[in-house]
file final01.cif (mmCIF, C-alpha atoms and all ligand atoms)
data_model
loop_
_atom_site.label_atom_id
_atom_site.label_comp_id
_atom_site.auth_asym_id
_atom_site.auth_seq_id
_atom_site.Cartn_x
_atom_site.Cartn_y
_atom_site.Cartn_z
CA MET F 12 -7.07 -19.60 1.66
CA LYS F 13 -4.28 -21.32 3.56
CA ASN F 14 -1.55 -19.19 2.05
CA THR F 15 -3.48 -16.03 2.77
CA ASP F 16 -3.95 -17.02 6.39
CA ASP F 17 -0.23 -17.68 6.81
CA LYS F 18 0.60 -14.25 5.49
CA LEU F 19 -1.92 -12.61 7.82
CA ILE F 20 -0.76 -14.61 10.83
CA SER F 21 2.89 -13.84 10.10
CA ARG F 22 1.97 -10.17 10.60
CA ASN F 23 -0.05 -10.92 13.75
CA ILE F 24 -3.35 -10.34 12.04
CA LYS F 25 -6.19 -12.64 12.97
CA PRO F 26 -7.63 -14.03 9.73
CA THR F 27 -11.29 -13.25 9.16
CA ALA F 28 -13.31 -13.75 5.98
CA MET F 29 -13.22 -10.03 5.30
CA ARG F 30 -9.48 -9.72 5.85
CA GLU F 31 -8.79 -12.70 3.61
CA LEU F 32 -10.90 -11.14 0.85
CA VAL F 33 -9.25 -7.74 1.11
CA PHE F 34 -5.80 -9.30 1.19
CA ASP F 35 -6.55 -11.37 -1.91
CA ILE F 36 -7.77 -8.30 -3.76
CA LEU F 37 -4.63 -6.39 -2.78
CA THR F 38 -2.48 -9.29 -3.99
CA GLU F 39 -4.10 -9.16 -7.43
CA GLN F 40 -3.36 -5.47 -7.99
CA THR F 41 -0.59 -4.29 -10.28
CA ALA F 42 -0.95 -0.74 -8.98
CA ALA F 43 -1.78 0.73 -5.58
CA ILE F 44 -5.49 1.12 -4.84
CA SER F 45 -7.57 3.60 -2.90
CA LEU F 46 -10.38 2.85 -0.50
CA SER F 47 -12.96 3.64 -3.19
CA ASP F 48 -11.14 1.38 -5.71
CA LEU F 49 -11.31 -1.37 -3.12
CA GLU F 50 -14.98 -0.70 -2.55
CA GLN F 51 -15.67 -1.38 -6.26
CA ASN F 52 -14.72 -5.02 -5.64
CA PHE F 53 -17.59 -5.51 -3.25
CA GLN F 54 -21.22 -5.63 -4.24
CA LYS F 55 -22.53 -4.71 -0.86
CA SER F 56 -19.69 -2.78 0.60
CA ASP F 57 -19.35 -1.35 4.04
CA LYS F 58 -16.83 1.43 3.67
CA VAL F 59 -16.17 1.64 7.40
CA THR F 60 -15.30 -2.06 7.62
CA LEU F 61 -13.07 -1.81 4.56
CA TYR F 62 -11.35 1.25 5.99
CA ARG F 63 -10.77 -0.48 9.33
CA THR F 64 -9.37 -3.52 7.54
CA LEU F 65 -6.91 -1.34 5.63
CA LYS F 66 -5.90 0.46 8.82
CA THR F 67 -5.30 -2.85 10.60
CA PHE F 68 -3.15 -4.04 7.70
CA GLU F 69 -1.25 -0.77 7.71
CA ASN F 70 -0.64 -0.83 11.46
CA LYS F 71 0.71 -4.38 11.15
CA LYS F 72 2.94 -3.34 8.25
CA LEU F 73 1.28 -5.72 5.82
CA ILE F 74 0.53 -2.77 3.54
CA HIS F 75 1.73 0.82 3.32
CA SER F 76 -0.15 3.93 2.37
CA ILE F 77 0.95 6.28 -0.37
CA ASP F 78 0.15 9.95 -0.70
CA ASP F 79 0.54 10.41 -4.43
CA GLY F 80 -0.71 13.96 -4.46
CA THR F 81 -4.09 13.07 -6.02
CA GLY F 82 -5.91 13.69 -2.76
CA SER F 83 -6.91 10.05 -2.22
CA VAL F 84 -4.60 7.83 -0.23
CA LYS F 85 -3.51 4.64 -2.02
CA TYR F 86 -2.52 1.34 -0.45
CA ALA F 87 -0.14 -1.38 -1.61
CA LEU F 88 1.28 -4.56 -0.13
CA CYS F 89 4.61 -4.37 1.66
CA ALA F 90 7.51 -6.63 0.84
CA GLU F 91 7.75 -9.72 3.05
CA ASN F 92 10.11 -8.33 5.69
CA CYS F 93 9.21 -4.68 5.38
CA GLN F 94 9.19 -2.76 8.63
CA CYS F 95 8.13 0.46 6.94
CA ASN F 96 11.28 2.20 8.17
CA PRO F 97 12.72 5.02 6.07
CA HIS F 98 15.35 2.60 4.70
CA ASP F 99 12.63 0.09 3.73
CA LEU F 100 10.81 2.67 1.69
CA HIS F 101 10.84 2.82 -2.07
CA VAL F 102 9.99 5.39 -4.67
CA HIS F 103 6.42 5.53 -5.97
CA PHE F 104 5.51 6.37 -9.52
CA PHE F 105 2.34 8.16 -10.52
CA CYS F 106 1.37 7.84 -14.18
CA THR F 107 -0.28 11.04 -15.32
CA LYS F 108 -2.00 9.19 -18.19
CA CYS F 109 -3.65 6.15 -16.60
CA LYS F 110 -3.59 7.72 -13.10
CA HIS F 111 -2.12 4.56 -11.60
CA THR F 112 0.32 4.66 -8.73
CA TYR F 113 3.02 2.00 -8.76
CA CYS F 114 5.45 0.77 -6.11
CA LEU F 115 8.97 0.85 -7.51
CA ASN F 116 10.14 -1.81 -5.10
CA ASP F 117 13.60 -1.98 -6.67
CA THR F 118 14.14 1.76 -6.42
CA PRO F 119 15.05 2.71 -2.86
CA ILE F 120 14.62 6.32 -1.84
CA PRO F 121 17.98 8.08 -2.15
CA SER F 122 19.49 9.00 1.19
CA VAL F 123 18.68 12.48 2.33
CA THR F 124 21.11 14.65 4.27
CA LEU F 125 19.43 16.61 7.01
CA PRO F 126 20.60 19.49 9.17
CA LEU F 127 21.81 18.73 12.68
CA ASP F 128 19.07 17.50 15.05
CA PHE F 129 16.56 16.90 12.26
CA GLU F 130 15.25 13.35 12.31
CA ILE F 131 13.52 11.39 9.55
CA LYS F 132 10.30 9.62 10.51
CA THR F 133 9.02 8.84 7.06
CA ILE F 134 9.70 9.77 3.46
CA ASN F 135 7.19 10.03 0.68
CA MET F 136 8.75 10.25 -2.75
CA VAL F 137 6.49 10.24 -5.77
CA VAL F 138 7.87 10.46 -9.28
CA LYS F 139 5.41 11.47 -11.98
CA GLY F 140 5.42 10.61 -15.64
CA THR F 141 4.14 7.92 -18.00
CA CYS F 142 4.29 4.23 -17.16
CA ALA F 143 5.37 1.39 -19.46
CA ASN F 144 1.74 0.65 -20.39
CA CYS F 145 1.12 4.24 -21.48
CA LYS F 146 4.38 4.74 -23.37
CA GLU F 147 3.74 5.87 -26.93
ZN ZN T 201 6.09 -1.55 4.62
ZN ZN T 202 0.06 4.62 -17.25
ZN ZN T 203 4.95 1.12 -2.31
#
call {"tool": "encode", "arguments": {"input": "final01.cif", "output": "structure tokens", "more": "lines below"}}
Ligand SMILES: [Zn+2]
Ligand SMILES: [Zn+2]
Ligand SMILES: [Zn+2]
result
Amino acid sequence: MKNTDDKLISRNIKPTAMRELVFDILTEQTAAISLSDLEQNFQKSDKVTLYRTLKTFENKKLIHSIDDGTGSVKYALCAENCQCNPHDLHVHFFCTKCKHTYCLNDTPIPSVTLPLDFEIKTINMVVKGTCANCKE
């Protein structure tokens, strides 16, 4: 648990048993997970507590949320020094076969040219297709 605590503390999050658990589950994921996916990991789950935990993590930039167009928000861990600025953001990939959403951490979002006086706050870029696991 030590390592988990360090990671939480480095983002100014007070470690609690619940937060440690949620963080560990997020660390194990190969794809982004939704609140209901997360809930499956708990036998007696309190959705409100889980939701609050995710929101705390998101506010502290430990995780980021992804709108992949499926209607349920997904969450994934941020890179170590991520500040969730537009230039920190990466492309997400939604596999239409297995319905998993992946962080393409090595694929930065291409720069976007905006008209005068338009300002970027956030960018959400989702590429759809088939992932390596689903390739025929
Ligand atoms: Zn981030
Ligand atoms: Zn797939
Ligand atoms: Zn991501």
call {"tool": "closest_atom_pairs", "arguments": {"input": "final01.cif", "of": "segment 27-110 of chain F", "to": "segment 116-137 of chain F", "cutoff": "8 Å", "atoms": "only C-alpha atoms", "output": "tab-separated table"}}
result
residue	atom	partner	partner_atom	distance
F:Ile77	CA	F:Asn135	CA	7.4
F:Asp78	CA	F:Asn135	CA	7.2
F:Asp79	CA	F:Val137	CA	6.1
F:Asn96	CA	F:Thr133	CA	7.1
F:Pro97	CA	F:Thr133	CA	5.4
F:His98	CA	F:Ile120	CA	7.6
F:Asp99	CA	F:Pro119	CA	7.5
F:Leu100	CA	F:Pro119	CA	6.2
F:His101	CA	F:Pro119	CA	4.3
F:Val102	CA	F:Met136	CA	5.4
F:His103	CA	F:Val137	CA	4.7
F:Phe104	CA	F:Val137	CA	5.5
F:Phe105	CA	F:Val137	CA	6.6
call {"tool": "residues_near_point", "arguments": {"input": "final01.cif", "point": "(3.3, -5.6, 7.3)", "cutoff": "6 Å", "atoms": "all atoms listed in the file", "output": "JSON, numbers by chain"}}
result
{"F": [22, 71, 72, 73, 74, 89]}
call {"tool": "residues_near_ligand", "arguments": {"input": "final01.cif", "ligand": "ligand ZN 202 (chain T)", "cutoff": "8 Å", "atoms": "all atoms listed in the file", "output": "list of chain:residue names"}}
result
F:Phe105, F:Cys106, F:Thr107, F:Lys108, F:Cys109, F:Lys110, F:His111, F:Thr141, F:Cys142, F:Ala143, F:Asn144, F:Cys145, F:Lys146
call {"tool": "residues_around", "arguments": {"input": "final01.cif", "residues": "segment 24-34 of chain F", "least_positions_apart": "5", "cutoff": "12 Å", "atoms": "only C-alpha atoms", "output": "CSV table (one decimal) with C-alpha atoms, in the coordinates of the input"}}
result
chain,number,residue,atom,x,y,z
F,12,MET,CA,-7.1,-19.6,1.7
F,13,LYS,CA,-4.3,-21.3,3.6
F,14,ASN,CA,-1.6,-19.2,2.0
F,15,THR,CA,-3.5,-16.0,2.8
F,16,ASP,CA,-4.0,-17.0,6.4
F,17,ASP,CA,-0.2,-17.7,6.8
F,18,LYS,CA,0.6,-14.2,5.5
F,19,LEU,CA,-1.9,-12.6,7.8
F,39,GLU,CA,-4.1,-9.2,-7.4
F,40,GLN,CA,-3.4,-5.5,-8.0
F,44,ILE,CA,-5.5,1.1,-4.8
F,46,LEU,CA,-10.4,2.8,-0.5
F,48,ASP,CA,-11.1,1.4,-5.7
F,49,LEU,CA,-11.3,-1.4,-3.1
F,50,GLU,CA,-15.0,-0.7,-2.6
F,51,GLN,CA,-15.7,-1.4,-6.3
F,52,ASN,CA,-14.7,-5.0,-5.6
F,53,PHE,CA,-17.6,-5.5,-3.2
F,56,SER,CA,-19.7,-2.8,0.6
F,57,ASP,CA,-19.4,-1.4,4.0
F,60,THR,CA,-15.3,-2.1,7.6
F,61,LEU,CA,-13.1,-1.8,4.6
F,62,TYR,CA,-11.4,1.2,6.0
F,63,ARG,CA,-10.8,-0.5,9.3
F,64,THR,CA,-9.4,-3.5,7.5
F,65,LEU,CA,-6.9,-1.3,5.6
F,66,LYS,CA,-5.9,0.5,8.8
F,67,THR,CA,-5.3,-2.8,10.6
F,68,PHE,CA,-3.2,-4.0,7.7
F,69,GLU,CA,-1.2,-0.8,7.7
F,70,ASN,CA,-0.6,-0.8,11.5
F,71,LYS,CA,0.7,-4.4,11.2
F,72,LYS,CA,2.9,-3.3,8.2
F,73,LEU,CA,1.3,-5.7,5.8
F,74,ILE,CA,0.5,-2.8,3.5
F,86,TYR,CA,-2.5,1.3,-0.4
F,87,ALA,CA,-0.1,-1.4,-1.6
F,88,LEU,CA,1.3,-4.6,-0.1
F,89,CYS,CA,4.6,-4.4,1.7
call {"tool": "atom_distance", "arguments": {"input": "final01.cif", "atom1": "atom CA of Gly140 of chain F", "atom2": "atom CA of Asn92 of chain F"}}
result
28.9 Å
call {"tool": "atom_distance", "arguments": {"input": "final01.cif", "atom1": "atom CA of Thr41 of chain F", "atom2": "atom ZN of ligand ZN 203 (chain T)"}}
result
11.1 Å
call {"tool": "closest_residue", "arguments": {"input": "final01.cif", "among": "F:Gln94, F:Ser76, F:Ser83, F:Ser21", "to": "ligand ZN 203 (chain T)", "atoms": "only C-alpha atoms and all ligand atoms"}}
result
F:Ser76
call {"tool": "decode", "arguments": {"input": "final01.cif", "residues": "segment 35-74 of chain F", "atoms": "N, CA and C atoms", "output": "PDB file, in the first residue's frame"}}
result
ATOM      1  N   ASP F  35      -5.917   1.264  -6.837  1.00  0.00           N
ATOM      2  CA  ASP F  35      -5.328  -0.017  -7.241  1.00  0.00           C
ATOM      3  C   ASP F  35      -6.108  -0.653  -8.385  1.00  0.00           C
ATOM      4  N   ILE F  36      -7.421  -0.544  -8.329  1.00  0.00           N
ATOM      5  CA  ILE F  36      -8.237  -1.096  -9.414  1.00  0.00           C
ATOM      6  C   ILE F  36      -7.947  -0.354 -10.723  1.00  0.00           C
ATOM      7  N   LEU F  37      -7.864   0.971 -10.629  1.00  0.00           N
ATOM      8  CA  LEU F  37      -7.573   1.767 -11.826  1.00  0.00           C
ATOM      9  C   LEU F  37      -6.204   1.407 -12.411  1.00  0.00           C
ATOM     10  N   THR F  38      -5.247   1.141 -11.540  1.00  0.00           N
ATOM     11  CA  THR F  38      -3.892   0.796 -11.987  1.00  0.00           C
ATOM     12  C   THR F  38      -3.882  -0.516 -12.769  1.00  0.00           C
ATOM     13  N   GLU F  39      -4.768  -1.430 -12.395  1.00  0.00           N
ATOM     14  CA  GLU F  39      -4.796  -2.751 -13.039  1.00  0.00           C
ATOM     15  C   GLU F  39      -5.448  -2.744 -14.419  1.00  0.00           C
ATOM     16  N   GLN F  40      -6.151  -1.675 -14.753  1.00  0.00           N
ATOM     17  CA  GLN F  40      -6.927  -1.662 -15.995  1.00  0.00           C
ATOM     18  C   GLN F  40      -6.039  -1.468 -17.224  1.00  0.00           C
ATOM     19  N   THR F  41      -6.383  -2.162 -18.298  1.00  0.00           N
ATOM     20  CA  THR F  41      -5.703  -1.907 -19.568  1.00  0.00           C
ATOM     21  C   THR F  41      -6.531  -0.940 -20.419  1.00  0.00           C
ATOM     22  N   ALA F  42      -7.791  -0.771 -20.056  1.00  0.00           N
ATOM     23  CA  ALA F  42      -8.649   0.164 -20.774  1.00  0.00           C
ATOM     24  C   ALA F  42      -9.328   1.065 -19.741  1.00  0.00           C
ATOM     25  N   ALA F  43      -9.879   2.172 -20.197  1.00  0.00           N
ATOM     26  CA  ALA F  43     -10.571   3.091 -19.298  1.00  0.00           C
ATOM     27  C   ALA F  43     -11.841   2.433 -18.769  1.00  0.00           C
ATOM     28  N   ILE F  44     -12.247   2.759 -17.542  1.00  0.00           N
ATOM     29  CA  ILE F  44     -13.444   2.139 -16.991  1.00  0.00           C
ATOM     30  C   ILE F  44     -14.484   3.172 -16.577  1.00  0.00           C
ATOM     31  N   SER F  45     -15.729   2.739 -16.617  1.00  0.00           N
ATOM     32  CA  SER F  45     -16.832   3.610 -16.221  1.00  0.00           C
ATOM     33  C   SER F  45     -17.146   3.374 -14.745  1.00  0.00           C
ATOM     34  N   LEU F  46     -17.998   4.226 -14.211  1.00  0.00           N
ATOM     35  CA  LEU F  46     -18.408   4.067 -12.816  1.00  0.00           C
ATOM     36  C   LEU F  46     -19.036   2.694 -12.590  1.00  0.00           C
ATOM     37  N   SER F  47     -19.878   2.237 -13.530  1.00  0.00           N
ATOM     38  CA  SER F  47     -20.507   0.925 -13.302  1.00  0.00           C
ATOM     39  C   SER F  47     -19.504  -0.221 -13.453  1.00  0.00           C
ATOM     40  N   ASP F  48     -18.482  -0.057 -14.328  1.00  0.00           N
ATOM     41  CA  ASP F  48     -17.407  -1.065 -14.390  1.00  0.00           C
ATOM     42  C   ASP F  48     -16.697  -1.142 -13.040  1.00  0.00           C
ATOM     43  N   LEU F  49     -16.438   0.022 -12.480  1.00  0.00           N
ATOM     44  CA  LEU F  49     -15.739   0.090 -11.198  1.00  0.00           C
ATOM     45  C   LEU F  49     -16.562  -0.581 -10.103  1.00  0.00           C
ATOM     46  N   GLU F  50     -17.846  -0.332 -10.151  1.00  0.00           N
ATOM     47  CA  GLU F  50     -18.776  -0.893  -9.176  1.00  0.00           C
ATOM     48  C   GLU F  50     -18.728  -2.432  -9.169  1.00  0.00           C
ATOM     49  N   GLN F  51     -18.498  -3.031 -10.329  1.00  0.00           N
ATOM     50  CA  GLN F  51     -18.427  -4.497 -10.430  1.00  0.00           C
ATOM     51  C   GLN F  51     -17.317  -5.086  -9.559  1.00  0.00           C
ATOM     52  N   ASN F  52     -16.321  -4.263  -9.239  1.00  0.00           N
ATOM     53  CA  ASN F  52     -15.191  -4.745  -8.443  1.00  0.00           C
ATOM     54  C   ASN F  52     -15.489  -4.790  -6.948  1.00  0.00           C
ATOM     55  N   PHE F  53     -16.644  -4.272  -6.585  1.00  0.00           N
ATOM     56  CA  PHE F  53     -16.994  -4.237  -5.172  1.00  0.00           C
ATOM     57  C   PHE F  53     -18.218  -5.098  -4.918  1.00  0.00           C
ATOM     58  N   GLN F  54     -18.140  -5.896  -3.863  1.00  0.00           N
ATOM     59  CA  GLN F  54     -19.290  -6.747  -3.565  1.00  0.00           C
ATOM     60  C   GLN F  54     -20.446  -5.928  -3.023  1.00  0.00           C
ATOM     61  N   LYS F  55     -20.125  -5.154  -2.022  1.00  0.00           N
ATOM     62  CA  LYS F  55     -21.145  -4.245  -1.492  1.00  0.00           C
ATOM     63  C   LYS F  55     -20.712  -2.854  -1.886  1.00  0.00           C
ATOM     64  N   SER F  56     -21.245  -2.378  -2.975  1.00  0.00           N
ATOM     65  CA  SER F  56     -20.732  -1.107  -3.474  1.00  0.00           C
ATOM     66  C   SER F  56     -21.677   0.034  -3.148  1.00  0.00           C
ATOM     67  N   ASP F  57     -21.096   1.138  -2.848  1.00  0.00           N
ATOM     68  CA  ASP F  57     -21.841   2.357  -2.617  1.00  0.00           C
ATOM     69  C   ASP F  57     -21.481   3.294  -3.767  1.00  0.00           C
ATOM     70  N   LYS F  58     -22.389   3.377  -4.722  1.00  0.00           N
ATOM     71  CA  LYS F  58     -22.115   4.113  -5.950  1.00  0.00           C
ATOM     72  C   LYS F  58     -21.741   5.573  -5.676  1.00  0.00           C
ATOM     73  N   VAL F  59     -22.398   6.157  -4.687  1.00  0.00           N
ATOM     74  CA  VAL F  59     -22.138   7.567  -4.385  1.00  0.00           C
ATOM     75  C   VAL F  59     -20.704   7.759  -3.917  1.00  0.00           C
ATOM     76  N   THR F  60     -20.252   6.861  -3.029  1.00  0.00           N
ATOM     77  CA  THR F  60     -18.877   6.938  -2.535  1.00  0.00           C
ATOM     78  C   THR F  60     -17.884   6.732  -3.676  1.00  0.00           C
ATOM     79  N   LEU F  61     -18.165   5.763  -4.531  1.00  0.00           N
ATOM     80  CA  LEU F  61     -17.276   5.506  -5.664  1.00  0.00           C
ATOM     81  C   LEU F  61     -17.227   6.715  -6.587  1.00  0.00           C
ATOM     82  N   TYR F  62     -18.381   7.299  -6.830  1.00  0.00           N
ATOM     83  CA  TYR F  62     -18.453   8.471  -7.700  1.00  0.00           C
ATOM     84  C   TYR F  62     -17.654   9.632  -7.108  1.00  0.00           C
ATOM     85  N   ARG F  63     -17.827   9.849  -5.801  1.00  0.00           N
ATOM     86  CA  ARG F  63     -17.093  10.928  -5.135  1.00  0.00           C
ATOM     87  C   ARG F  63     -15.587  10.693  -5.209  1.00  0.00           C
ATOM     88  N   THR F  64     -15.196   9.430  -5.044  1.00  0.00           N
ATOM     89  CA  THR F  64     -13.777   9.090  -5.109  1.00  0.00           C
ATOM     90  C   THR F  64     -13.219   9.422  -6.493  1.00  0.00           C
ATOM     91  N   LEU F  65     -13.963   9.044  -7.526  1.00  0.00           N
ATOM     92  CA  LEU F  65     -13.524   9.352  -8.890  1.00  0.00           C
ATOM     93  C   LEU F  65     -13.432  10.851  -9.114  1.00  0.00           C
ATOM     94  N   LYS F  66     -14.413  11.583  -8.605  1.00  0.00           N
ATOM     95  CA  LYS F  66     -14.420  13.042  -8.787  1.00  0.00           C
ATOM     96  C   LYS F  66     -13.231  13.686  -8.076  1.00  0.00           C
ATOM     97  N   THR F  67     -12.919  13.190  -6.866  1.00  0.00           N
ATOM     98  CA  THR F  67     -11.752  13.704  -6.145  1.00  0.00           C
ATOM     99  C   THR F  67     -10.493  13.449  -6.965  1.00  0.00           C
ATOM    100  N   PHE F  68     -10.350  12.235  -7.465  1.00  0.00           N
ATOM    101  CA  PHE F  68      -9.175  11.886  -8.274  1.00  0.00           C
ATOM    102  C   PHE F  68      -9.094  12.782  -9.509  1.00  0.00           C
ATOM    103  N   GLU F  69     -10.253  13.033 -10.104  1.00  0.00           N
ATOM    104  CA  GLU F  69     -10.266  13.841 -11.329  1.00  0.00           C
ATOM    105  C   GLU F  69      -9.895  15.289 -11.022  1.00  0.00           C
ATOM    106  N   ASN F  70     -10.446  15.812  -9.935  1.00  0.00           N
ATOM    107  CA  ASN F  70     -10.127  17.195  -9.557  1.00  0.00           C
ATOM    108  C   ASN F  70      -8.650  17.374  -9.255  1.00  0.00           C
ATOM    109  N   LYS F  71      -8.028  16.333  -8.723  1.00  0.00           N
ATOM    110  CA  LYS F  71      -6.604  16.391  -8.372  1.00  0.00           C
ATOM    111  C   LYS F  71      -5.709  15.957  -9.533  1.00  0.00           C
ATOM    112  N   LYS F  72      -6.329  15.717 -10.680  1.00  0.00           N
ATOM    113  CA  LYS F  72      -5.590  15.346 -11.892  1.00  0.00           C
ATOM    114  C   LYS F  72      -4.812  14.038 -11.759  1.00  0.00           C
ATOM    115  N   LEU F  73      -5.344  13.146 -10.953  1.00  0.00           N
ATOM    116  CA  LEU F  73      -4.781  11.798 -10.854  1.00  0.00           C
ATOM    117  C   LEU F  73      -5.353  10.940 -11.989  1.00  0.00           C
ATOM    118  N   ILE F  74      -6.590  11.239 -12.341  1.00  0.00           N
ATOM    119  CA  ILE F  74      -7.242  10.543 -13.457  1.00  0.00           C
ATOM    120  C   ILE F  74      -7.904  11.588 -14.345  1.00  0.00           C
TER     121      ILE F  74
END
